[in-house]
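Enquirer: The structure follows.
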Amino acid sequence: MKLKDLFEMQKKYQEQCLYGFHESQTLRELETQKFALCAHAELSSLVNATDYKTHHRNAYRQIAERKDIVLHESVDVVRYMIAIMNTWDITSEDFANAYDKKDTYLRMISEINDKKWNQEPVVIVDLDDVIVDFRQCFADWLEKDHLLKIDVDSEEYYFITALSKSGLNPEAVFEQFTNQGGFSWPDIKPGAHQYLCDLKNKGYWIQYLTARPNTNLRCMYDTYDWIANHKLPYDGIDFATEKFRWCAKSKFYEHIEYAIDDSPKHAEEYAMHGIKCFVPEMPYNKHCAKINNIERCKLF
């Protein structure tokens, strides 16, 4: 039996009982609450199959009986979870894809946590428009989904003027792009993979630091998945809107050899506090070439 079959079986049961299919946001949320509470009750029954009350042991239950209870209560829990996903039109493919990305994230986090920093020199590496061709990808998506032609050579960092003139809310559009999985789409910048591998081979600790919103789970998991899919070397992956502050609090602050960042804001803050910053040449960061401790250049 495939995962798709489980979703279809539960959907047929829900249709039969008229459960969990509503266009109203409020009703969907109420159905979700109901299913979640039912799943909680089944989890409680599952826990009762174990001897978690050490002062009141259920010694009369044999291992086979306990296993049977765990099995059937787990089935109920899973069915309620699938019912919730059906309520929100989440498909088995959506779930499988999210499960796969979560697995990648957990594996990478485990590897990062197991790494020991041995006083290696550190390079702080931004993602978007440094190693990720985000700007072009976002512009292509705007043209496809919103029929908005964006000049990628604009000197504006966020395309705010073009978005506002078209009547689009920049924050809402960015959130839509993120929730559709936009951070899994961009190409890697030519030469970036070899550059990072060379850094690693020279003994550098590679710390990726992005201002992407990790409060958005889709964004966070897509970020890890993108790095894994492109087989990039990594020692650390973190998210911070205030990058220098993150660096100052890090264990290797005094060992940061340089940073790579396209953002004028972050580059200037690095430079101001004594961290050499290489800035990939982009239309919006031309003035950075005049600032001490910043080298505006073509890295790859």
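Ordering of the structure tokens sets the chain letters (A, B, ...), residue numbers begin anew at 1 in every chain, and ligands are numbered from 1 in the order given.
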Would you mind listing what lies within 8 Å of stretch 268-270 of chain A as a tab-separated table (two decimals) with N, CA and C atoms, in the first residue's frame, with only C-alpha atoms counted and same-chain residues fewer than 3 positions away left out?
Expert:
```
chain	number	residue	atom	x	y	z
A	244	PHE	N	26.30	40.91	11.63
A	244	PHE	CA	27.49	41.18	12.43
A	244	PHE	C	27.24	40.82	13.90
A	259	ALA	N	34.28	37.86	5.21
A	259	ALA	CA	32.89	37.54	4.90
A	259	ALA	C	32.65	37.81	3.42
A	264	PRO	N	24.67	45.79	0.76
A	264	PRO	CA	25.41	46.95	1.26
A	264	PRO	C	25.31	47.09	2.78
A	265	LYS	N	24.13	46.83	3.33
A	265	LYS	CA	23.93	46.96	4.78
A	265	LYS	C	24.87	46.04	5.54
A	273	HIS	N	33.26	47.06	11.58
A	273	HIS	CA	33.72	46.38	12.79
A	273	HIS	C	34.96	45.52	12.55
A	274	GLY	N	35.68	45.81	11.47
A	274	GLY	CA	36.98	45.18	11.27
A	274	GLY	C	36.99	43.85	10.57
A	275	ILE	N	35.86	43.43	9.99
A	275	ILE	CA	35.83	42.17	9.24
A	275	ILE	C	35.92	42.48	7.75
A	276	LYS	N	36.95	41.98	7.11
A	276	LYS	CA	37.10	42.16	5.67
A	276	LYS	C	35.91	41.54	4.95
A	277	CYS	N	35.35	42.28	3.99
A	277	CYS	CA	34.17	41.76	3.28
A	277	CYS	C	34.38	41.85	1.77
A	288	CYS	N	29.77	50.53	-2.49
A	288	CYS	CA	30.57	49.79	-1.51
A	288	CYS	C	32.06	49.78	-1.86
A	291	ILE	N	34.34	52.04	0.21
A	291	ILE	CA	34.39	51.88	1.67
A	291	ILE	C	35.59	51.04	2.07
A	294	ILE	N	36.24	46.87	2.39
A	294	ILE	CA	35.34	46.18	1.46
A	294	ILE	C	36.02	46.08	0.11
```
Enquirer: Neighbours of A:Leu209 within 9 Å (only C-alpha atoms; same-chain residues fewer than 6 positions away dropped), as a count of residues only?
Expert: 11
Enquirer: One decimal, Å: what's the distance from atom CA of A:Glu65 over to atom CA of A:Ala49, could you say?
Expert: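 Atom-to-atom, atom CA of A:Glu65 to atom CA of A:Ala49, that is 8.4 Å.
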Enquirer: I'd like the contact shell of A:Glu8 - 10 Å cut-off, only C-alpha atoms, skipping same-chain residues fewer than 4 positions apart - returned as a list in words.
Expert: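 Contacts, with the query itself left out: Leu3, Lys4, Lys12, Tyr13, Gln14, Ile82, Asn86, Thr91 and Ser92 of chain A.
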Enquirer: Residues as selected, C-alpha atoms, written as a short mmCIF file (atom, residue, chain, number, x, y, z; two decimals), in the first residue's frame, can you do that?
Expert:
```cif
data_model
loop_
_atom_site.label_atom_id
_atom_site.label_comp_id
_atom_site.auth_asym_id
_atom_site.auth_seq_id
_atom_site.Cartn_x
_atom_site.Cartn_y
_atom_site.Cartn_z
CA LEU A 3 1.14 6.68 0.90
CA LYS A 4 -1.26 8.00 -1.74
CA LYS A 12 -13.31 8.63 1.18
CA TYR A 13 -14.15 8.08 4.84
CA GLN A 14 -14.25 11.84 5.44
CA ILE A 82 -4.07 12.59 7.40
CA ASN A 86 -6.96 16.45 3.74
CA THR A 91 -1.64 15.92 -0.92
CA SER A 92 0.39 12.79 -0.28
#
```
Enquirer: Which residue is closest to A:Asp140? Choose from A:Pro233, A:Pro280, A:Pro186, A:Gly191 and count only C-alpha atoms.
Expert: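 Residue with the minimum atom-to-atom distance to A:Asp140: A:Pro186.
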Enquirer: Calculate how many Å separate atom CA of A:Leu6 from atom CA of A:Ser45, rounding to one decimal.
Expert: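 Value for the atom CA of A:Leu6-atom CA of A:Ser45 distance: 22.2 Å.
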Enquirer: Between A:Tyr224, A:Tyr158, A:Tyr234, A:Tyr258, which residue has the minimum interatomic distance to A:Tyr284, considering only C-alpha atoms?
Expert: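 Nearest candidate to A:Tyr284 out of A:Tyr224, A:Tyr158, A:Tyr234, A:Tyr258: A:Tyr158.
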Enquirer: Between atom CA of A:Arg135 and atom CA of A:Val173, what is the distance in Å, rounded to a tenth?
Expert: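 If I compute the distance from atom CA of A:Arg135 to atom CA of A:Val173, I get 14.0 Å.
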Enquirer: Tell me which of A:Asp100, A:Glu171, A:Asp235, A:Glu242 sits closest to A:Asn118, counting only C-alpha atoms.
Expert: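 Nearest to A:Asn118: A:Asp235.
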